[in-house]
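J.: This is the structure I have questions about; it appears just below.
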Amino acid sequence: MAYLADKNRYEGMQYRRCGGSGLKLSAMSLGLWHGFGSENVYDNGKDMILAAFDSGITHFDLANNYGPVPGSAEETFGKVLKRELKAHRDEMVIATKAGYEMWPGPYGDGGSRKYLTASLDQSLKRMGLGYVDIFYHHRPDPETPPEETAETLAGFVAAGKALYVGISNYDGPGTKKMAGLLREKGVRCLIHQMRYSMLSRENEPVLSVLEEEKIGGIAFSPLAQGILTGKYRNGIPADSRAAGKSIFLSGKDITESVAKLTEELTKLAGERGQTLSQMALAWVLSRKAVTSVILGASRPEQIGENIRALAHLEFEQEELGRIEAILAGA
Ligand SMILES: NC(=O)c1ccc[n+]([C@@H]2O[C@H](COP(=O)([O-])OP(=O)(O)OC[C@H]3O[C@@H](n4cnc5c(N)ncnc54)[C@H](OP(=O)(O)O)[C@@H]3O)[C@@H](O)[C@H]2O)c1
């Protein structure tokens, strides 16, 4: 049966301005890092994308290397777009990235004009798009002059291949430098994508740079890859990411102190009328520099649960203090 988008999809979502730009992003975005590759079940990926769109998520986060196999998440997304969401392309903000190794040899990695140009062309082909809304340099490349990367990103905007550009995993000084170089070329650094959650605070210094530079912040792994759902409190569920679905999270990450901490945070979330995942997402969204959080999911119901975080985003000072005390005891 043909997909019909939910008529009420814009009612429950918040749309927040991305830094100093004209673009608003849904407070929650959907990331296609895990669960959408050719080794995953197509229908489940499709159902997650449609569940997200029906819930008011307009922003979809991809990268050249998402899969497995690398490139296949873009292909899945392109297929869903063509078959189900074609009529809604202009309601969507589609992002992709390049910066990690994508193909062998010296031109399949880094930040050179050669790599980024070929990669964006490949991404557009895989997704069946004429342009992406956001193109990111996925990580800094110490071997390429930042001027070359900035010039290439600005060139994508001039050529109409990307409407906006951003950076990911850059530190504070690197962010300032790239924002300045793009500005010189007449292009705004729209957005900065970084790991940020209650359990990953290393990028807090970058948040203040984003405020100064009027760059929107977007947080990846806001649930610490699932740890902040509390699902690992009593061991490792067989169908979870830590059970061998990913090389990025393993049983070794699920320590006793993590289990104890999620137990205590779950109790506090319950007092707020939330699940732990909802409180953890609300906490990230309460940071001033954060425009949106990128949800990962392995089934549509997780998206539904997580989106209900929007019903209670505010924190009392006392709650924030209790969260800090729990995290400090970890
Ligand atoms: N720029 C970068 O370098 C970079 C790096 C990493 C990620 N990202 C982006 O950020 C996105 C999100 O990252 P992430 O997947 O690590 O995010 P996350 O939200 O921290 O973790 C998502 C995982 O947690 C579990 N989960 C989520 N909600 C749940 C719920 N309500 N109940 C139970 N389990 C739940 C699911 O895993 P299981 O069910 O499989 O356990 C899900 O796949 C990625 O898709 C990607 O777009 C970017």
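Note on naming: chains are A, B, ... as they come in the structure tokens, residues start from 1 per chain, ligands start from 1 in the order shown.
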Could you tell me, counting only C-alpha atoms and all ligand atoms, which protein and nucleic acid residues lie no more than 8 Å from ligand 1, written as a VMD selection string?
T.: chain A and resid 30 to 35 60 to 63 138 to 139 168 to 169 193 to 195 197 219 to 231 237 239 to 242 245 277 to 278 294 to 299 301 to 306
J.: Store the residues picked out above in a file with C-alpha atoms, as a PDB file, in the first residue's frame.
T.:
ATOM      1  CA  LEU A  30      17.323  10.495  12.669  1.00  0.00           C
ATOM      2  CA  GLY A  31      20.807   9.070  12.113  1.00  0.00           C
ATOM      3  CA  LEU A  32      21.471   6.182   9.732  1.00  0.00           C
ATOM      4  CA  TRP A  33      24.823   5.023  11.104  1.00  0.00           C
ATOM      5  CA  HIS A  34      23.525   1.634  12.306  1.00  0.00           C
ATOM      6  CA  GLY A  35      20.526  -0.360  11.132  1.00  0.00           C
ATOM      7  CA  PHE A  60      18.074  12.821   8.318  1.00  0.00           C
ATOM      8  CA  ASP A  61      21.762  12.347   9.012  1.00  0.00           C
ATOM      9  CA  LEU A  62      23.884  10.174   6.721  1.00  0.00           C
ATOM     10  CA  ALA A  63      27.529   9.774   5.745  1.00  0.00           C
ATOM     11  CA  HIS A 138      33.329  14.444   8.881  1.00  0.00           C
ATOM     12  CA  ARG A 139      36.568  14.948  10.831  1.00  0.00           C
ATOM     13  CA  SER A 168      32.101  17.300  12.611  1.00  0.00           C
ATOM     14  CA  ASN A 169      34.506  16.196  15.332  1.00  0.00           C
ATOM     15  CA  GLN A 193      28.263  17.687  14.839  1.00  0.00           C
ATOM     16  CA  MET A 194      29.876  16.218  17.947  1.00  0.00           C
ATOM     17  CA  ARG A 195      29.585  13.377  20.418  1.00  0.00           C
ATOM     18  CA  SER A 197      25.746  12.999  26.170  1.00  0.00           C
ATOM     19  CA  ALA A 219      24.765  15.926  19.223  1.00  0.00           C
ATOM     20  CA  PHE A 220      25.536  12.398  18.103  1.00  0.00           C
ATOM     21  CA  SER A 221      25.274   9.308  20.301  1.00  0.00           C
ATOM     22  CA  PRO A 222      23.126  11.282  22.805  1.00  0.00           C
ATOM     23  CA  LEU A 223      22.215   7.984  24.493  1.00  0.00           C
ATOM     24  CA  ALA A 224      25.848   6.815  24.587  1.00  0.00           C
ATOM     25  CA  GLN A 225      24.914   4.224  21.931  1.00  0.00           C
ATOM     26  CA  GLY A 226      22.090   2.881  24.099  1.00  0.00           C
ATOM     27  CA  ILE A 227      23.767   2.827  27.533  1.00  0.00           C
ATOM     28  CA  LEU A 228      21.601   5.790  28.584  1.00  0.00           C
ATOM     29  CA  THR A 229      18.411   3.877  27.918  1.00  0.00           C
ATOM     30  CA  GLY A 230      19.179   1.699  30.956  1.00  0.00           C
ATOM     31  CA  LYS A 231      18.939  -1.422  28.786  1.00  0.00           C
ATOM     32  CA  PRO A 237      20.303  -8.091  25.851  1.00  0.00           C
ATOM     33  CA  ASP A 239      19.434  -7.986  20.343  1.00  0.00           C
ATOM     34  CA  SER A 240      21.317  -4.895  21.575  1.00  0.00           C
ATOM     35  CA  ARG A 241      24.197  -2.994  19.965  1.00  0.00           C
ATOM     36  CA  ALA A 242      26.672  -4.200  22.624  1.00  0.00           C
ATOM     37  CA  LYS A 245      25.956  -5.715  16.299  1.00  0.00           C
ATOM     38  CA  SER A 277      16.358   7.735  27.436  1.00  0.00           C
ATOM     39  CA  GLN A 278      13.826  10.584  27.471  1.00  0.00           C
ATOM     40  CA  ILE A 294      20.543  12.689  16.399  1.00  0.00           C
ATOM     41  CA  LEU A 295      18.645   9.574  17.372  1.00  0.00           C
ATOM     42  CA  GLY A 296      19.924   6.164  16.435  1.00  0.00           C
ATOM     43  CA  ALA A 297      17.429   3.321  16.465  1.00  0.00           C
ATOM     44  CA  SER A 298      17.104  -0.374  15.709  1.00  0.00           C
ATOM     45  CA  ARG A 299      13.291  -0.400  15.586  1.00  0.00           C
ATOM     46  CA  GLU A 301       9.172   1.905  18.669  1.00  0.00           C
ATOM     47  CA  GLN A 302      12.447   3.318  20.015  1.00  0.00           C
ATOM     48  CA  ILE A 303      11.907   6.470  17.963  1.00  0.00           C
ATOM     49  CA  GLY A 304       8.393   6.805  19.388  1.00  0.00           C
ATOM     50  CA  GLU A 305       9.630   6.465  22.970  1.00  0.00           C
ATOM     51  CA  ASN A 306      12.502   8.881  22.471  1.00  0.00           C
TER      52      ASN A 306
END
J.: If you count only C-alpha atoms, which residues fall within 10 Å of Leu153 in chain A, apart from same-chain ones fewer than 4 positions away, as a PyMOL selection string?
T.: chain A and resi 111+113+116-117+135-137+147-149+157-159+161-162+164-167+182+185+187+189
J.: Pull the alpha helix (DSSP H) assignments for range 127-187 of chain A out of DSSP run on the backbone, and list those residues as a VMD selection string.
T.: chain A and resid 127 146 to 158 172 to 184
J.: So, with only C-alpha atoms as the atoms that count, which of A:Gly180, A:Pro104, A:Gly172, A:Gly160 lies closest to Glu211 in chain A?
T.: A:Gly172
J.: How far is it from CA of Met102 in chain A to CA of Asn65 in chain A, in Å with one decimal?
T.: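 If I compute the distance from CA of Met102 in chain A to CA of Asn65 in chain A, I get 6.0 Å.
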J.: Restricting the calculation to only C-alpha atoms: of A:Thr175, A:Asn8, A:Asn64, A:Thr275, which residue gets closest to Glu263 in chain A?
T.: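 Of A:Thr175, A:Asn8, A:Asn64, A:Thr275, the one nearest Glu263 in chain A is A:Thr275, counting only C-alpha atoms.
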J.: Please identify the strand (DSSP E) residues within range 36-151 of chain A (assignment by DSSP from backbone atoms) and present them as a PyMOL selection string.
T.: chain A and resi 59-61+93-98+132-137
J.: When you draw a straight line from CA of Glu256 in chain A to CA of Arg287 in chain A, how long is it in Å?
T.: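 One can read the CA of Glu256 in chain A to CA of Arg287 in chain A distance as 28.3 Å.
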J.: So, with only C-alpha atoms as the atoms that count, which of A:Gly56, A:Glu11, A:Gly45, A:Tyr3 lies closest to Arg83 in chain A?
T.: A:Tyr3
J.: Which range 234-263 of chain A residues have any atom within 7 Å of an atom of range 311-330 of chain A, and for each, what is the nearest pair of atoms with distance in Å to one decimal, counting only C-alpha atoms, rows sorted by chain and number, as a tab-separated table?
T.:
residue	atom	partner	partner_atom	distance
A:Ser257	CA	A:Ala330	CA	5.5
A:Val258	CA	A:Ala330	CA	6.9
A:Leu261	CA	A:Ala330	CA	6.1
J.: For the selection just defined, write its residues with N, CA and C atoms to a file, as an mmCIF file, in the first residue's frame.
T.:
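This went into part.cif:
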data_model
loop_
_atom_site.group_PDB
_atom_site.id
_atom_site.type_symbol
_atom_site.label_atom_id
_atom_site.label_comp_id
_atom_site.auth_asym_id
_atom_site.auth_seq_id
_atom_site.Cartn_x
_atom_site.Cartn_y
_atom_site.Cartn_z
ATOM 1 N N SER A 257 30.116 0.187 37.147
ATOM 2 C CA SER A 257 29.780 1.572 37.513
ATOM 3 C C SER A 257 28.757 2.155 36.533
ATOM 4 N N VAL A 258 28.808 1.749 35.261
ATOM 5 C CA VAL A 258 27.804 2.199 34.287
ATOM 6 C C VAL A 258 26.423 1.665 34.675
ATOM 7 N N LEU A 261 25.181 3.595 37.726
ATOM 8 C CA LEU A 261 24.817 4.968 37.357
ATOM 9 C C LEU A 261 23.469 5.016 36.598
#
J.: Just give me the gap between CA of Leu4 in chain A and CA of Asp133 in chain A in Å, one decimal is fine.
T.: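 Interatomic distance here is 23.5 Å.
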J.: Name all residues at most 8 Å from Leu276 in chain A (count only C-alpha atoms; drop same-chain ones fewer than 3 positions away) and give them as a PyMOL selection string.
T.: chain A and resi 228-230+262+265-266+269-270+279-280
J.: With distances taken over only C-alpha atoms, which of A:Ile94, A:Leu207, A:Leu120, A:Met1 is nearest to Gly19 in chain A?
T.: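 Of all the options, A:Leu207 lies closest to Gly19 in chain A.
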J.: Determine, counting only C-alpha atoms, which protein, DNA and RNA residues have an atom within 10 Å of an atom of Trp103 in chain A; residues of the same chain fewer than 4 positions away are not included. Present the result as a PyMOL selection string.
T.: chain A and resi 65+70+107-109+115+119
J.: Name the residues in contact with Gly216 in chain A at a cut-off of 9 Å, using only C-alpha atoms, excluding same-chain residues fewer than 3 positions from it; report them as a PyMOL selection string.
T.: chain A and resi 17-21+189-193+210-211+213+289-292
